[in-house]
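Asker: Here you go, this is input.cif (mmCIF, C-alpha atoms).
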```cif
data_coords
loop_
_atom_site.group_PDB
_atom_site.id
_atom_site.type_symbol
_atom_site.label_atom_id
_atom_site.label_comp_id
_atom_site.auth_asym_id
_atom_site.auth_seq_id
_atom_site.Cartn_x
_atom_site.Cartn_y
_atom_site.Cartn_z
ATOM 1 C CA MET A 1 76.048 117.704 71.132
ATOM 2 C CA LYS A 2 79.189 115.795 70.347
ATOM 3 C CA ALA A 3 82.366 116.100 72.409
ATOM 4 C CA ARG A 4 85.675 114.980 71.000
ATOM 5 C CA VAL A 5 88.384 114.385 73.580
ATOM 6 C CA HIS A 6 92.059 114.060 72.699
ATOM 7 C CA ILE A 7 94.284 112.620 75.398
ATOM 8 C CA THR A 8 98.021 112.995 74.940
ATOM 9 C CA LEU A 9 101.092 112.293 77.035
ATOM 10 C CA LYS A 10 102.601 115.335 78.692
ATOM 11 C CA ASN A 11 105.901 116.687 77.443
ATOM 12 C CA GLY A 12 108.778 114.918 79.099
ATOM 13 C CA VAL A 13 106.845 111.673 79.621
ATOM 14 C CA LEU A 14 108.537 108.935 77.584
ATOM 15 C CA ASP A 15 106.350 107.353 74.905
ATOM 16 C CA PRO A 16 107.886 103.997 73.915
ATOM 17 C CA GLN A 17 104.947 103.196 71.615
ATOM 18 C CA GLY A 18 105.458 106.483 69.782
ATOM 19 C CA LYS A 19 109.150 105.598 69.379
ATOM 20 C CA ALA A 20 108.249 102.139 68.022
ATOM 21 C CA ILE A 21 105.871 103.738 65.480
ATOM 22 C CA GLU A 22 108.597 106.188 64.460
ATOM 23 C CA HIS A 23 111.046 103.328 63.861
ATOM 24 C CA ALA A 24 108.451 101.310 61.935
ATOM 25 C CA LEU A 25 107.707 104.292 59.684
ATOM 26 C CA GLY A 26 111.445 104.714 59.085
ATOM 27 C CA GLY A 27 111.607 101.024 58.155
ATOM 28 C CA LEU A 28 108.847 101.595 55.576
ATOM 29 C CA GLY A 29 110.882 104.304 53.929
ATOM 30 C CA PHE A 30 109.140 107.364 55.419
ATOM 31 C CA HIS A 31 111.905 109.804 56.266
ATOM 32 C CA GLY A 32 112.009 113.232 57.831
ATOM 33 C CA ILE A 33 109.904 112.287 60.863
ATOM 34 C CA ASN A 34 111.369 114.110 63.843
ATOM 35 C CA ASP A 35 109.116 112.683 66.552
ATOM 36 C CA VAL A 36 105.975 110.563 67.031
ATOM 37 C CA ARG A 37 103.729 110.802 70.075
ATOM 38 C CA GLN A 38 100.619 108.647 70.310
ATOM 39 C CA GLY A 39 97.503 109.239 72.394
ATOM 40 C CA LYS A 40 93.807 108.433 72.696
ATOM 41 C CA TYR A 41 90.712 109.846 71.044
ATOM 42 C CA ILE A 42 87.279 109.515 72.656
ATOM 43 C CA GLU A 43 83.911 110.649 71.227
ATOM 44 C CA LEU A 44 80.980 111.370 73.521
ATOM 45 C CA GLU A 45 77.358 111.995 72.474
ATOM 46 C CA LEU A 46 75.849 114.343 75.054
ATOM 47 C CA SER A 47 72.224 115.318 75.623
ATOM 48 C CA GLU A 48 73.394 118.675 77.020
ATOM 49 C CA SER A 49 72.838 121.511 74.522
ATOM 50 C CA ASP A 50 74.587 124.358 76.365
ATOM 51 C CA PRO A 51 78.257 124.412 75.280
ATOM 52 C CA ALA A 52 79.563 125.888 78.528
ATOM 53 C CA ALA A 53 77.785 123.293 80.653
ATOM 54 C CA ALA A 54 78.894 120.504 78.328
ATOM 55 C CA ARG A 55 82.512 121.624 78.518
ATOM 56 C CA THR A 56 82.467 121.787 82.306
ATOM 57 C CA SER A 57 80.938 118.351 82.477
ATOM 58 C CA VAL A 58 83.450 116.767 80.054
ATOM 59 C CA GLU A 59 86.343 118.451 81.879
ATOM 60 C CA THR A 60 85.225 116.782 85.095
ATOM 61 C CA MET A 61 84.956 113.427 83.266
ATOM 62 C CA CYS A 62 88.529 113.859 82.020
ATOM 63 C CA GLU A 63 89.874 114.725 85.455
ATOM 64 C CA LYS A 64 88.020 111.883 87.181
ATOM 65 C CA LEU A 65 88.394 109.050 84.693
ATOM 66 C CA LEU A 66 89.239 109.662 81.037
ATOM 67 C CA ALA A 67 92.756 111.015 81.590
ATOM 68 C CA ASN A 68 95.368 110.442 84.265
ATOM 69 C CA THR A 69 96.585 113.993 84.769
ATOM 70 C CA VAL A 70 99.856 112.804 86.331
ATOM 71 C CA ILE A 71 101.045 111.876 82.826
ATOM 72 C CA GLU A 72 98.350 113.034 80.395
ATOM 73 C CA ASN A 73 96.876 116.250 79.022
ATOM 74 C CA PHE A 74 93.406 116.457 77.516
ATOM 75 C CA GLU A 75 91.797 118.708 74.920
ATOM 76 C CA ILE A 76 88.046 118.983 74.360
ATOM 77 C CA ASP A 77 86.306 119.967 71.099
ATOM 78 C CA LEU A 78 82.537 120.466 71.025
ATOM 79 C CA ASP A 79 80.204 120.618 68.062
ATOM 80 C CA GLY A 80 76.586 120.052 67.173
ATOM 81 C CA MET B 1 93.263 88.186 111.994
ATOM 82 C CA LYS B 2 90.554 88.980 109.455
ATOM 83 C CA ALA B 3 91.656 89.796 105.934
ATOM 84 C CA ALA B 4 89.617 90.704 102.868
ATOM 85 C CA VAL B 5 90.734 90.033 99.288
ATOM 86 C CA ILE B 6 88.981 92.272 96.763
ATOM 87 C CA VAL B 7 87.741 90.357 93.713
ATOM 88 C CA SER B 8 87.024 92.315 90.512
ATOM 89 C CA PRO B 9 85.985 91.012 87.116
ATOM 90 C CA GLY B 10 89.375 90.040 85.677
ATOM 91 C CA SER B 11 91.241 89.510 88.964
ATOM 92 C CA ASN B 12 93.386 86.397 88.554
ATOM 93 C CA CYS B 13 95.699 86.362 91.587
ATOM 94 C CA ASP B 14 92.920 86.512 94.174
ATOM 95 C CA ARG B 15 93.138 82.795 94.892
ATOM 96 C CA ASP B 16 96.936 82.852 95.195
ATOM 97 C CA VAL B 17 96.604 85.584 97.828
ATOM 98 C CA GLN B 18 93.861 83.584 99.556
ATOM 99 C CA VAL B 19 96.177 80.562 99.801
ATOM 100 C CA ALA B 20 99.131 82.672 101.053
ATOM 101 C CA ILE B 21 96.991 84.264 103.789
ATOM 102 C CA ARG B 22 95.436 80.956 104.778
ATOM 103 C CA GLN B 23 98.916 79.474 105.072
ATOM 104 C CA SER B 24 100.287 82.284 107.267
ATOM 105 C CA ALA B 25 97.153 83.042 109.286
ATOM 106 C CA GLY B 26 95.519 79.662 109.582
ATOM 107 C CA THR B 27 92.205 81.386 108.874
ATOM 108 C CA GLU B 28 90.251 81.963 105.682
ATOM 109 C CA PRO B 29 90.295 85.468 104.221
ATOM 110 C CA LEU B 30 87.031 86.955 103.081
ATOM 111 C CA MET B 31 86.756 87.037 99.282
ATOM 112 C CA HIS B 32 84.898 90.310 98.695
ATOM 113 C CA TRP B 33 83.208 91.132 95.371
ATOM 114 C CA HIS B 34 84.080 94.610 94.041
ATOM 115 C CA GLY B 35 80.451 95.587 93.471
ATOM 116 C CA ASP B 36 79.512 95.242 97.130
ATOM 117 C CA PRO B 37 80.306 98.496 98.946
ATOM 118 C CA GLU B 38 79.487 96.945 102.352
ATOM 119 C CA LEU B 39 82.956 95.809 103.389
ATOM 120 C CA PRO B 40 82.866 94.105 106.814
ATOM 121 C CA ASP B 41 85.334 95.136 109.528
ATOM 122 C CA VAL B 42 88.692 93.603 108.614
ATOM 123 C CA ASP B 43 92.296 94.024 109.789
ATOM 124 C CA LEU B 44 93.829 93.873 106.303
ATOM 125 C CA VAL B 45 92.665 94.515 102.742
ATOM 126 C CA VAL B 46 94.493 93.022 99.749
ATOM 127 C CA VAL B 47 93.846 94.283 96.220
ATOM 128 C CA PRO B 48 95.251 91.416 94.124
ATOM 129 C CA GLY B 49 96.711 91.187 90.641
ATOM 130 C CA GLY B 50 94.958 90.505 87.386
ATOM 131 C CA PHE B 51 93.344 92.509 84.620
ATOM 132 C CA SER B 52 90.408 94.170 86.342
ATOM 133 C CA TYR B 53 87.836 95.351 83.785
ATOM 134 C CA GLY B 54 90.167 94.152 81.031
ATOM 135 C CA ASP B 55 92.558 97.047 81.783
ATOM 136 C CA TYR B 56 90.255 99.198 79.626
ATOM 137 C CA LEU B 57 91.251 102.860 79.276
ATOM 138 C CA ARG B 58 94.277 102.459 81.604
ATOM 139 C CA ALA B 59 95.337 99.606 83.883
ATOM 140 C CA GLY B 60 93.362 99.942 87.108
ATOM 141 C CA ALA B 61 91.389 103.023 85.991
ATOM 142 C CA MET B 62 87.952 101.394 86.043
ATOM 143 C CA ALA B 63 88.460 99.348 89.201
ATOM 144 C CA ALA B 64 89.626 102.486 91.034
ATOM 145 C CA HIS B 65 86.019 103.738 90.826
ATOM 146 C CA SER B 66 84.302 100.488 91.805
ATOM 147 C CA PRO B 67 81.994 100.713 94.855
ATOM 148 C CA VAL B 68 84.249 98.778 97.216
ATOM 149 C CA ILE B 69 87.397 100.740 96.370
ATOM 150 C CA ARG B 70 85.772 103.948 97.666
ATOM 151 C CA GLU B 71 85.334 102.098 100.949
ATOM 152 C CA VAL B 72 88.919 100.755 100.812
ATOM 153 C CA VAL B 73 90.156 104.366 100.514
ATOM 154 C CA THR B 74 88.139 105.323 103.614
ATOM 155 C CA ARG B 75 89.546 102.370 105.578
ATOM 156 C CA ALA B 76 93.105 103.107 104.457
ATOM 157 C CA ASN B 77 92.723 106.693 105.618
ATOM 158 C CA ARG B 78 91.606 105.319 108.981
ATOM 159 C CA GLY B 79 94.826 103.286 109.219
ATOM 160 C CA VAL B 80 93.749 99.825 108.041
ATOM 161 C CA PRO B 81 96.686 98.169 106.199
ATOM 162 C CA VAL B 82 96.048 97.880 102.449
ATOM 163 C CA LEU B 83 98.312 95.823 100.168
ATOM 164 C CA GLY B 84 98.051 96.269 96.400
ATOM 165 C CA ILE B 85 99.904 93.758 94.241
ATOM 166 C CA CYS B 86 100.512 94.321 90.510
ATOM 167 C CA ASN B 87 97.091 95.344 89.134
ATOM 168 C CA GLY B 88 96.298 96.154 92.788
ATOM 169 C CA PHE B 89 99.208 98.652 92.808
ATOM 170 C CA GLN B 90 97.864 100.198 89.596
ATOM 171 C CA ILE B 91 94.416 100.528 91.211
ATOM 172 C CA LEU B 92 95.888 102.161 94.347
ATOM 173 C CA THR B 93 97.652 104.816 92.240
ATOM 174 C CA GLU B 94 94.530 105.424 90.122
ATOM 175 C CA CYS B 95 92.353 105.903 93.213
ATOM 176 C CA GLY B 96 94.882 108.297 94.745
ATOM 177 C CA LEU B 97 96.026 106.264 97.766
ATOM 178 C CA LEU B 98 99.551 106.163 96.308
ATOM 179 C CA PRO B 99 101.305 108.804 94.167
ATOM 180 C CA GLY B 100 102.490 108.343 90.579
ATOM 181 C CA VAL B 101 101.314 106.005 87.860
ATOM 182 C CA LEU B 102 102.299 102.661 86.306
ATOM 183 C CA MET B 103 102.972 103.161 82.609
ATOM 184 C CA GLN B 104 103.529 100.596 79.891
ATOM 185 C CA ASN B 105 106.860 98.753 80.192
ATOM 186 C CA ALA B 106 109.636 100.642 78.423
ATOM 187 C CA GLY B 107 110.398 97.527 76.328
ATOM 188 C CA LEU B 108 106.723 97.309 75.200
ATOM 189 C CA LYS B 109 106.568 93.639 76.194
ATOM 190 C CA PHE B 110 104.722 91.735 78.889
ATOM 191 C CA ILE B 111 107.342 90.509 81.389
ATOM 192 C CA CYS B 112 106.842 87.295 83.349
ATOM 193 C CA ARG B 113 109.895 86.114 85.302
ATOM 194 C CA ASP B 114 111.593 86.200 88.683
ATOM 195 C CA VAL B 115 113.407 89.414 89.608
ATOM 196 C CA ASN B 116 115.712 90.364 92.464
ATOM 197 C CA LEU B 117 114.451 93.020 94.814
ATOM 198 C CA ARG B 118 116.349 94.958 97.448
ATOM 199 C CA VAL B 119 114.333 95.637 100.576
ATOM 200 C CA GLU B 120 114.722 99.391 101.034
ATOM 201 C CA THR B 121 112.924 99.746 104.340
ATOM 202 C CA ALA B 122 111.902 97.325 107.072
ATOM 203 C CA ALA B 123 109.871 100.077 108.744
ATOM 204 C CA SER B 124 106.375 98.971 107.776
ATOM 205 C CA VAL B 125 103.946 96.247 108.760
ATOM 206 C CA PHE B 126 104.539 94.696 105.321
ATOM 207 C CA THR B 127 108.361 94.600 105.324
ATOM 208 C CA GLN B 128 109.193 94.230 109.027
ATOM 209 C CA ASN B 129 110.158 90.555 108.685
ATOM 210 C CA TYR B 130 112.813 91.382 106.099
ATOM 211 C CA LEU B 131 116.172 93.010 106.760
ATOM 212 C CA GLU B 132 117.019 96.337 105.199
ATOM 213 C CA ASP B 133 119.190 95.782 102.076
ATOM 214 C CA GLN B 134 118.190 92.106 102.002
ATOM 215 C CA VAL B 135 117.877 90.780 98.447
ATOM 216 C CA ILE B 136 114.794 88.659 97.777
ATOM 217 C CA ARG B 137 113.601 86.851 94.659
ATOM 218 C CA ILE B 138 109.979 87.479 93.667
ATOM 219 C CA PRO B 139 108.196 87.003 90.306
ATOM 220 C CA VAL B 140 106.816 89.832 88.188
ATOM 221 C CA ALA B 141 104.098 89.414 85.556
ATOM 222 C CA HIS B 142 102.984 92.688 84.028
ATOM 223 C CA ASN B 143 102.724 94.895 80.975
ATOM 224 C CA GLU B 144 102.357 98.195 82.867
ATOM 225 C CA GLY B 145 104.969 98.245 85.630
ATOM 226 C CA ASN B 146 106.948 101.273 84.585
ATOM 227 C CA TYR B 147 106.587 103.478 87.664
ATOM 228 C CA PHE B 148 106.459 107.180 86.859
ATOM 229 C CA ALA B 149 106.175 110.212 89.105
ATOM 230 C CA ASP B 150 107.510 113.757 88.860
ATOM 231 C CA GLU B 151 110.937 114.529 90.349
ATOM 232 C CA ASP B 152 109.472 116.238 93.431
ATOM 233 C CA THR B 153 107.391 113.158 94.231
ATOM 234 C CA LEU B 154 110.357 110.811 93.703
ATOM 235 C CA ASN B 155 112.543 112.965 95.950
ATOM 236 C CA ARG B 156 109.829 112.997 98.613
ATOM 237 C CA LEU B 157 109.456 109.189 98.456
ATOM 238 C CA ASP B 158 113.210 108.837 98.980
ATOM 239 C CA ALA B 159 113.436 111.473 101.714
ATOM 240 C CA GLU B 160 110.534 109.920 103.633
ATOM 241 C CA ASP B 161 111.903 106.349 103.281
ATOM 242 C CA ARG B 162 108.785 105.311 101.378
ATOM 243 C CA VAL B 163 110.390 103.185 98.662
ATOM 244 C CA ALA B 164 109.814 99.616 99.868
ATOM 245 C CA PHE B 165 111.572 97.666 97.089
ATOM 246 C CA ARG B 166 113.880 98.350 94.143
ATOM 247 C CA TYR B 167 114.860 96.066 91.255
ATOM 248 C CA CYS B 168 118.505 95.044 91.768
ATOM 249 C CA THR B 169 121.184 92.491 90.896
ATOM 250 C CA ARG B 170 121.631 89.271 92.871
ATOM 251 C CA HIS B 171 124.075 91.188 95.020
ATOM 252 C CA GLY B 172 121.757 94.095 95.687
ATOM 253 C CA GLU B 173 123.247 96.601 93.245
ATOM 254 C CA ILE B 174 120.808 99.003 91.665
ATOM 255 C CA ALA B 175 121.595 99.388 87.958
ATOM 256 C CA ALA B 176 119.789 100.258 84.747
ATOM 257 C CA ALA B 177 120.441 96.700 83.520
ATOM 258 C CA THR B 178 118.449 95.247 86.429
ATOM 259 C CA ASN B 179 115.421 97.434 85.714
ATOM 260 C CA PRO B 180 112.919 95.180 83.918
ATOM 261 C CA ASN B 181 110.375 97.811 82.916
ATOM 262 C CA GLY B 182 111.913 101.287 82.952
ATOM 263 C CA ALA B 183 110.570 102.202 86.402
ATOM 264 C CA ALA B 184 111.848 105.519 87.773
ATOM 265 C CA ARG B 185 114.789 104.941 90.134
ATOM 266 C CA ASN B 186 114.222 101.139 89.806
ATOM 267 C CA ILE B 187 111.160 101.439 92.048
ATOM 268 C CA ALA B 188 109.210 98.183 92.483
ATOM 269 C CA GLY B 189 107.052 99.141 95.473
ATOM 270 C CA ILE B 190 106.127 102.211 97.529
ATOM 271 C CA LEU B 191 104.400 103.095 100.801
ATOM 272 C CA ASN B 192 101.951 105.895 101.548
ATOM 273 C CA LYS B 193 102.866 108.630 104.019
ATOM 274 C CA ASP B 194 101.345 106.797 106.991
ATOM 275 C CA ARG B 195 103.076 103.542 105.908
ATOM 276 C CA ASN B 196 99.854 101.494 106.080
ATOM 277 C CA VAL B 197 99.430 101.225 102.291
ATOM 278 C CA LEU B 198 101.920 99.313 100.137
ATOM 279 C CA GLY B 199 101.740 99.002 96.365
ATOM 280 C CA MET B 200 104.173 96.685 94.580
ATOM 281 C CA MET B 201 104.453 95.224 91.074
ATOM 282 C CA PRO B 202 106.110 91.887 92.040
ATOM 283 C CA HIS B 203 103.953 89.047 93.381
ATOM 284 C CA PRO B 204 104.994 87.885 96.907
ATOM 285 C CA GLU B 205 102.037 85.449 96.971
ATOM 286 C CA ARG B 206 103.529 83.533 94.056
ATOM 287 C CA LEU B 207 106.640 82.547 96.050
ATOM 288 C CA ALA B 208 105.193 81.908 99.494
ATOM 289 C CA ASP B 209 105.332 78.120 99.524
ATOM 290 C CA ARG B 210 108.198 75.657 98.979
ATOM 291 C CA ALA B 211 106.085 73.770 96.451
ATOM 292 C CA LEU B 212 106.189 76.903 94.258
ATOM 293 C CA GLY B 213 109.997 76.945 94.193
ATOM 294 C CA GLY B 214 110.686 79.567 96.834
ATOM 295 C CA THR B 215 109.438 81.250 99.983
ATOM 296 C CA ASP B 216 110.843 84.789 99.755
ATOM 297 C CA GLY B 217 107.298 86.178 99.675
ATOM 298 C CA ARG B 218 106.195 84.467 102.832
ATOM 299 C CA PRO B 219 107.763 86.823 105.439
ATOM 300 C CA MET B 220 105.438 89.583 104.204
ATOM 301 C CA PHE B 221 102.317 87.558 105.006
ATOM 302 C CA ASP B 222 103.775 86.139 108.238
ATOM 303 C CA GLY B 223 104.691 89.645 109.435
ATOM 304 C CA LEU B 224 101.216 91.002 108.673
ATOM 305 C CA VAL B 225 99.567 88.092 110.478
ATOM 306 C CA GLU B 226 101.828 88.396 113.557
ATOM 307 C CA THR B 227 101.246 92.129 113.959
ATOM 308 C CA LEU B 228 97.557 92.183 113.126
ATOM 309 C CA THR B 229 96.750 89.141 115.266
ATOM 310 C CA ALA B 230 98.514 90.747 118.238
ATOM 311 C CA ALA B 231 96.612 94.016 117.675
ATOM 312 C CA ALA B 232 93.187 92.375 117.341
#
```
As a first step, turn the structure in this file into structure tokens.
Answerer:
Amino acid sequence: MKARVHITLKNGVLDPQGKAIEHALGGLGFHGINDVRQGKYIELELSESDPAAARTSVETMCEKLLANTVIENFEIDLDG
Amino acid sequence: MKAAVIVSPGSNCDRDVQVAIRQSAGTEPLMHWHGDPELPDVDLVVVPGGFSYGDYLRAGAMAAHSPVIREVVTRANRGVPVLGICNGFQILTECGLLPGVLMQNAGLKFICRDVNLRVETAASVFTQNYLEDQVIRIPVAHNEGNYFADEDTLNRLDAEDRVAFRYCTRHGEIAAATNPNGAARNIAGILNKDRNVLGMMPHPERLADRALGGTDGRPMFDGLVETLTAAA
């Protein structure tokens, strides 16, 4: 089973890289962009086949290592 | 006094700390490899600067789970003084000994220069040889020094006198213009609740000898050695 983890900055946490991307896009002539936030994407190949168990396990991984929950949120998608 | 300096793959200030401790203590610190969980009995642990594990995922995130850091957390909770400098500060927040997190500098650039710091509290084993409100000059060298914590945490740090250093002008004024990295409330270093753990982004070991162009970092090491030698 594959787990896809999206890690994003929480609302209210400044994202200077997102701002730099926004300005660069503006410089390239892309207009109408109201905000850019950047994050991380991590793919995990799991041997677990039970979705509930896999989700619990990946949640623990996120809380312990993959995300810093002081500033980041995480979202988990499972398939396979 | 017996001190241990934790060495991870990618540490690069471990030797500077070794020299600073040797100079103040007259004894050799133990250079302890991160993978060895058997940390001998020591009076002080220093987690030095560098790029442990290449700063993969987040600065300090990997090192925070290394075998020896689990033991460092246990010692800190027993009252052993622990000093985290730069990457060491990042590791101490990631492993939960200190609140908050060090985010990427607001200006998106690596900063390597001397900064002025105001000593906010002399009430700790690390800062006792400074005067409160004293301005000292110490170098910074980091890409992730932008201290962030929620408002409640910041208010608690202030109320409990746990901010050790703030970025300031030469005259000790705290202003946005003197904030090199966007850190909340110009915070450069903080203490834990029991005041035996200090994390700071600037590098006191890099200005602890006249040959390096300044000695403003030396009182920190001298103070630690005086107190911990007397206690031993």
Asker: Which residues, written as a PyMOL selection string, have at least one atom at most 12 Å from Val47 of chain B, with all atoms listed in the file counted and residues fewer than 6 positions away on the same chain left out?
Answerer: chain B and resi 3-8+11-18+31-34+60+63-64+68-69+72-73+81-93+197-201+203
Asker: Run the PyMOL selection byres ((chain B) within 7 of (chain A)) mentally over the shown coordinates, then write out the matched residues as a PyMOL selection string, using the chain letters and numbers from the document.
Answerer: chain B and resi 61+100+106+108
Asker: Would you write out, as a ChimeraX atom specification, every residue that the PyMOL selection byres ((chain B and resi 118) around 6) captures in this file?
Answerer: /B:117,119-120,133-135,165-166,172
Asker: Please tell me which residues are no farther than 8 Å from (85.4, 91.9, 85.6) in the file, counting all atoms listed in the file, and write them as a list in words.
Answerer: Ser8, Pro9, Gly10, Ser11, Ser52, Tyr53 and Gly54 of chain B
Asker: What is the distance between atom CA of Ser124 of chain B and atom CA of Gln104 of chain B, in Å to one decimal?
Answerer: 28.1 Å
Asker: Neighbouring residues of Tyr130 of chain B were defined as those with any atom within 8 Å, considering all atoms listed in the file; residues of the same chain fewer than 5 positions away were excluded. Please report them as a list in words.
Answerer: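 The contact residues come out as Val119, Ala122, Pro219 and Met220 of chain B.
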Asker: If you measure from atom CA of Leu44 of chain B to atom CA of Met103 of chain B, what distance in Å do you get, rounded to one decimal?
Answerer: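 Between these atoms lies a distance of 27.0 Å.
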Asker: Atom CA of Cys95 of chain B and atom CA of Phe74 of chain A are how many Å apart?
Answerer: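 Atom CA of Cys95 of chain B sits 18.9 Å away from atom CA of Phe74 of chain A.
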Asker: Contacts of Glu226 of chain B at 10 Å or less, counting all atoms listed in the file, minus same-chain residues fewer than 3 places along, as a compact mmCIF listing (two decimals) with C-alpha atoms, in the frame of the given file?
Answerer:
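Dumped everything to part.txt:
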```txt
# COMPACT_ATOMS: atom_id res chain seq x y z
CA MET B 1 93.26 88.19 111.99
CA SER B 24 100.29 82.28 107.27
CA ALA B 25 97.15 83.04 109.29
CA VAL B 125 103.95 96.25 108.76
CA ASN B 129 110.16 90.56 108.68
CA PHE B 221 102.32 87.56 105.01
CA ASP B 222 103.78 86.14 108.24
CA GLY B 223 104.69 89.64 109.44
CA THR B 229 96.75 89.14 115.27
CA ALA B 230 98.51 90.75 118.24
CA ALA B 231 96.61 94.02 117.68
```
Asker: Please work out which residues fall within 10 Å of (77.7, 100.6, 86.8), coordinates as given in the file, with all atoms listed in the file counting, and return them as a list in words.
Answerer: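 Collected hits near the coordinates: Gly35, His65, Ser66 and Pro67 of chain B.
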Asker: Can you give me, as a count of residues only, the residues this file yields under the PyMOL selection byres ((chain A and resi 8) around 7)?
Answerer: 10
